[in-house]
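Engineer: Just passing along the structure, written as structure tokens.
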Amino acid sequence: MPSPVVTMRRAWAADAETIVRTQRLGLATWRAFAPAGWAPPPFREHLAGVRGRLERPDAWALLAFVNGEPAGHCAAVRDDFGDPTAVDLWHLFVRPPWWGTGLAARLHDAFVARARGLGYPRAWLGTPAAHARARRFYERRGWRFRGPLVEEAGLPLAIYGRPLLP
């Protein structure tokens, strides 16, 4: 069986629907640990929010494809946690068939390289506090819990940071 062909390209606001569909596959798994009654935003609202963020001049996103099909993405914007000299890893999602394949690590590394290339000295991210798999993933890649927990859309998030420049 031939190895899957992984390609990546810059994503734009026109790619918002692909990004949202990938993200929603991940968000569906969050119900296992999210507070009772938590749900992602309605699709149209979600799509409008992602498209709006991707239209920001400081936004950058990367789409990954496996054998020509969407498989994951990462996205960044200037920091939303109050530090204008930092970058926010706003999204990193991989579709379930590609979990554990190293695709998330490749997307993460692409984010770090891009952020360093833009001269950001540090990065931040928020991930669900109860999402142990995601937290372990980030901690293995140099992210450190900065706390305190914050709540976004009814979901407690753990805030992580990491230096980007030596």
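Ordered as shown in the structure tokens, chains take letters A, B, and onward, while each chain numbers its residues from 1 and ligands are numbered from 1 in the order shown.
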Would you mind listing what lies within 8 Å of A:Ala61 as a PDB file with N, CA and C atoms, in the first residue's frame, with only C-alpha atoms counted and same-chain residues fewer than 2 positions away left out?
Structural biologist:
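Saved file selection.pdb follows:
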ATOM      1  N   ARG A  10      -1.219  27.491   2.229  1.00  0.00           N
ATOM      2  CA  ARG A  10      -1.774  28.602   2.998  1.00  0.00           C
ATOM      3  C   ARG A  10      -3.293  28.608   2.844  1.00  0.00           C
ATOM      4  N   ALA A  11      -3.971  28.890   3.934  1.00  0.00           N
ATOM      5  CA  ALA A  11      -5.433  28.993   3.918  1.00  0.00           C
ATOM      6  C   ALA A  11      -5.828  30.457   3.972  1.00  0.00           C
ATOM      7  N   TRP A  12      -6.978  30.747   3.389  1.00  0.00           N
ATOM      8  CA  TRP A  12      -7.509  32.105   3.311  1.00  0.00           C
ATOM      9  C   TRP A  12      -8.948  32.104   3.793  1.00  0.00           C
ATOM     10  N   LEU A  54     -10.106  34.992   9.832  1.00  0.00           N
ATOM     11  CA  LEU A  54      -9.164  34.759   8.732  1.00  0.00           C
ATOM     12  C   LEU A  54      -8.983  35.995   7.860  1.00  0.00           C
ATOM     13  N   ALA A  59      -3.793  37.477  10.521  1.00  0.00           N
ATOM     14  CA  ALA A  59      -4.111  36.041  10.531  1.00  0.00           C
ATOM     15  C   ALA A  59      -3.235  35.278   9.546  1.00  0.00           C
ATOM     16  N   LEU A  63      -3.557  24.785   5.670  1.00  0.00           N
ATOM     17  CA  LEU A  63      -4.390  23.597   5.478  1.00  0.00           C
ATOM     18  C   LEU A  63      -3.501  22.418   5.108  1.00  0.00           C
ATOM     19  N   HIS A  73      -5.592  21.457  10.001  1.00  0.00           N
ATOM     20  CA  HIS A  73      -5.155  22.837   9.798  1.00  0.00           C
ATOM     21  C   HIS A  73      -4.587  23.395  11.089  1.00  0.00           C
ATOM     22  N   CYS A  74      -3.837  24.462  10.941  1.00  0.00           N
ATOM     23  CA  CYS A  74      -3.452  25.286  12.078  1.00  0.00           C
ATOM     24  C   CYS A  74      -3.702  26.728  11.667  1.00  0.00           C
ATOM     25  N   ALA A  75      -3.906  27.577  12.660  1.00  0.00           N
ATOM     26  CA  ALA A  75      -4.172  28.987  12.383  1.00  0.00           C
ATOM     27  C   ALA A  75      -3.630  29.834  13.526  1.00  0.00           C
ATOM     28  N   ALA A  76      -3.187  31.019  13.175  1.00  0.00           N
ATOM     29  CA  ALA A  76      -2.608  31.932  14.158  1.00  0.00           C
ATOM     30  C   ALA A  76      -3.089  33.351  13.903  1.00  0.00           C
TER      31      ALA A  76
END
Engineer: Which residues of stretch 34-141 of chain A come within 7 Å of stretch 151-163 of chain A, and what is each one's closest atom pair and distance in Å (one decimal), counting only C-alpha atoms, sorted by chain and residue number, as a tab-separated table?
Structural biologist:
residue	atom	partner	partner_atom	distance
A:Ala34	CA	A:Leu155	CA	6.4
A:Pro35	CA	A:Leu155	CA	6.8
A:Trp38	CA	A:Gly154	CA	6.6
A:Pro121	CA	A:Pro163	CA	6.0
A:Arg122	CA	A:Pro163	CA	4.3
A:Ala123	CA	A:Arg162	CA	5.5
A:Trp124	CA	A:Gly161	CA	4.3
A:Leu125	CA	A:Tyr160	CA	5.3
A:Gly126	CA	A:Ile159	CA	4.5
A:Thr127	CA	A:Leu157	CA	5.2
A:Pro128	CA	A:Leu157	CA	4.3
A:Ala129	CA	A:Ala158	CA	4.6
Engineer: Suppose we keep N, CA and C atoms; can you now write the selection as an mmCIF file, in the first residue's frame?
Structural biologist:
data_model
loop_
_atom_site.group_PDB
_atom_site.id
_atom_site.type_symbol
_atom_site.label_atom_id
_atom_site.label_comp_id
_atom_site.auth_asym_id
_atom_site.auth_seq_id
_atom_site.Cartn_x
_atom_site.Cartn_y
_atom_site.Cartn_z
ATOM 1 N N ALA A 34 -16.760 18.197 28.247
ATOM 2 C CA ALA A 34 -17.290 19.564 28.396
ATOM 3 C C ALA A 34 -18.389 19.587 29.451
ATOM 4 N N PRO A 35 -18.638 20.754 30.029
ATOM 5 C CA PRO A 35 -19.746 20.861 30.988
ATOM 6 C C PRO A 35 -21.076 20.477 30.332
ATOM 7 N N TRP A 38 -22.958 22.002 27.065
ATOM 8 C CA TRP A 38 -22.055 22.704 26.152
ATOM 9 C C TRP A 38 -22.279 22.210 24.728
ATOM 10 N N PRO A 121 8.340 36.777 19.799
ATOM 11 C CA PRO A 121 9.194 36.177 20.821
ATOM 12 C C PRO A 121 8.505 35.071 21.621
ATOM 13 N N ARG A 122 7.184 35.062 21.622
ATOM 14 C CA ARG A 122 6.463 34.052 22.416
ATOM 15 C C ARG A 122 5.084 33.809 21.807
ATOM 16 N N ALA A 123 4.499 32.688 22.243
ATOM 17 C CA ALA A 123 3.176 32.306 21.750
ATOM 18 C C ALA A 123 2.302 31.857 22.910
ATOM 19 N N TRP A 124 1.015 31.954 22.693
ATOM 20 C CA TRP A 124 0.011 31.535 23.667
ATOM 21 C C TRP A 124 -1.020 30.670 22.962
ATOM 22 N N LEU A 125 -1.722 29.881 23.736
ATOM 23 C CA LEU A 125 -2.867 29.135 23.227
ATOM 24 C C LEU A 125 -3.784 28.819 24.389
ATOM 25 N N GLY A 126 -5.031 28.566 24.053
ATOM 26 C CA GLY A 126 -6.007 28.082 25.026
ATOM 27 C C GLY A 126 -6.534 26.757 24.530
ATOM 28 N N THR A 127 -6.562 25.766 25.403
ATOM 29 C CA THR A 127 -7.109 24.455 25.059
ATOM 30 C C THR A 127 -8.035 24.030 26.184
ATOM 31 N N PRO A 128 -9.061 23.241 25.902
ATOM 32 C CA PRO A 128 -9.975 22.848 26.976
ATOM 33 C C PRO A 128 -9.205 22.261 28.159
ATOM 34 N N ALA A 129 -9.505 22.751 29.339
ATOM 35 C CA ALA A 129 -8.803 22.321 30.544
ATOM 36 C C ALA A 129 -8.909 20.812 30.752
#
Engineer: Rounded to one decimal place, report the atom CA of A:Ala110-atom CA of A:Arg9 distance in Å.
Structural biologist: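 Atom CA of A:Arg9 lies at a distance of 10.8 Å from atom CA of A:Ala110.
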Engineer: Using only C-alpha atoms, can you tell me which of A:Pro42, A:Gly100, A:Pro166, A:Gly82 comes closest to A:Arg116?
Structural biologist: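 For A:Arg116, the nearest of the candidates is A:Pro166.
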Engineer: According to DSSP computed on the backbone, where in chain A is there strand (DSSP E or B)? Give the residues as a ChimeraX atom specification.
Structural biologist: /A:6-11,60-66,69-78,87-94,122-128,144-145,150-152,155-163
Engineer: With C-alpha atoms retained, could you export that selection as a PDB file, in the first residue's frame?
Structural biologist:
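Final output, again-v5.pdb:
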ATOM      1  CA  VAL A   6       0.497  14.927   2.498  1.00  0.00           C
ATOM      2  CA  THR A   7       0.422  18.431   1.046  1.00  0.00           C
ATOM      3  CA  MET A   8       0.002  21.768   2.755  1.00  0.00           C
ATOM      4  CA  ARG A   9      -0.944  25.217   1.567  1.00  0.00           C
ATOM      5  CA  ARG A  10      -1.774  28.602   2.998  1.00  0.00           C
ATOM      6  CA  ALA A  11      -5.433  28.993   3.918  1.00  0.00           C
ATOM      7  CA  TRP A  60      -2.222  33.124   9.059  1.00  0.00           C
ATOM      8  CA  ALA A  61      -3.532  29.600   8.491  1.00  0.00           C
ATOM      9  CA  LEU A  62      -2.274  26.422   6.901  1.00  0.00           C
ATOM     10  CA  LEU A  63      -4.390  23.597   5.478  1.00  0.00           C
ATOM     11  CA  ALA A  64      -3.130  20.012   5.314  1.00  0.00           C
ATOM     12  CA  PHE A  65      -4.439  17.512   2.799  1.00  0.00           C
ATOM     13  CA  VAL A  66      -3.889  13.767   2.647  1.00  0.00           C
ATOM     14  CA  GLU A  69      -8.664  15.435   1.004  1.00  0.00           C
ATOM     15  CA  PRO A  70      -8.740  17.926   3.913  1.00  0.00           C
ATOM     16  CA  ALA A  71      -6.992  16.398   6.912  1.00  0.00           C
ATOM     17  CA  GLY A  72      -6.192  19.256   9.299  1.00  0.00           C
ATOM     18  CA  HIS A  73      -5.155  22.837   9.798  1.00  0.00           C
ATOM     19  CA  CYS A  74      -3.452  25.286  12.078  1.00  0.00           C
ATOM     20  CA  ALA A  75      -4.172  28.987  12.383  1.00  0.00           C
ATOM     21  CA  ALA A  76      -2.608  31.932  14.158  1.00  0.00           C
ATOM     22  CA  VAL A  77      -3.456  35.540  14.926  1.00  0.00           C
ATOM     23  CA  ARG A  78      -1.728  38.255  16.878  1.00  0.00           C
ATOM     24  CA  VAL A  87       1.107  35.250  18.650  1.00  0.00           C
ATOM     25  CA  ASP A  88      -1.902  33.073  19.464  1.00  0.00           C
ATOM     26  CA  LEU A  89      -2.063  29.504  18.158  1.00  0.00           C
ATOM     27  CA  TRP A  90      -5.746  29.960  17.552  1.00  0.00           C
ATOM     28  CA  HIS A  91      -6.450  26.552  15.940  1.00  0.00           C
ATOM     29  CA  LEU A  92      -4.758  23.219  15.542  1.00  0.00           C
ATOM     30  CA  PHE A  93      -7.171  20.495  14.464  1.00  0.00           C
ATOM     31  CA  VAL A  94      -6.676  17.207  12.658  1.00  0.00           C
ATOM     32  CA  ARG A 122       6.463  34.052  22.416  1.00  0.00           C
ATOM     33  CA  ALA A 123       3.176  32.306  21.750  1.00  0.00           C
ATOM     34  CA  TRP A 124       0.011  31.535  23.667  1.00  0.00           C
ATOM     35  CA  LEU A 125      -2.867  29.135  23.227  1.00  0.00           C
ATOM     36  CA  GLY A 126      -6.007  28.082  25.026  1.00  0.00           C
ATOM     37  CA  THR A 127      -7.109  24.455  25.059  1.00  0.00           C
ATOM     38  CA  PRO A 128      -9.975  22.848  26.976  1.00  0.00           C
ATOM     39  CA  ARG A 144       3.842  25.405  29.742  1.00  0.00           C
ATOM     40  CA  PHE A 145       0.611  25.966  31.628  1.00  0.00           C
ATOM     41  CA  VAL A 150     -10.449  31.073  31.724  1.00  0.00           C
ATOM     42  CA  GLU A 151     -13.899  30.354  30.400  1.00  0.00           C
ATOM     43  CA  GLU A 152     -14.834  30.796  26.767  1.00  0.00           C
ATOM     44  CA  LEU A 155     -15.865  25.843  28.416  1.00  0.00           C
ATOM     45  CA  PRO A 156     -12.952  26.155  30.880  1.00  0.00           C
ATOM     46  CA  LEU A 157      -9.704  26.671  28.969  1.00  0.00           C
ATOM     47  CA  ALA A 158      -6.142  26.103  30.139  1.00  0.00           C
ATOM     48  CA  ILE A 159      -3.818  28.864  28.905  1.00  0.00           C
ATOM     49  CA  TYR A 160      -0.383  27.788  27.746  1.00  0.00           C
ATOM     50  CA  GLY A 161       2.629  29.798  26.657  1.00  0.00           C
ATOM     51  CA  ARG A 162       6.043  29.127  25.205  1.00  0.00           C
ATOM     52  CA  PRO A 163       9.059  31.086  24.020  1.00  0.00           C
TER      53      PRO A 163
END
Engineer: Under the rule that only C-alpha atoms are counted, which of A:Gly147, A:Pro4, A:Gly142, A:Gly102 is the nearest residue to A:Gly68?
Structural biologist: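 Going through A:Gly147, A:Pro4, A:Gly142, A:Gly102 one by one, the smallest distance to A:Gly68 is for A:Pro4.
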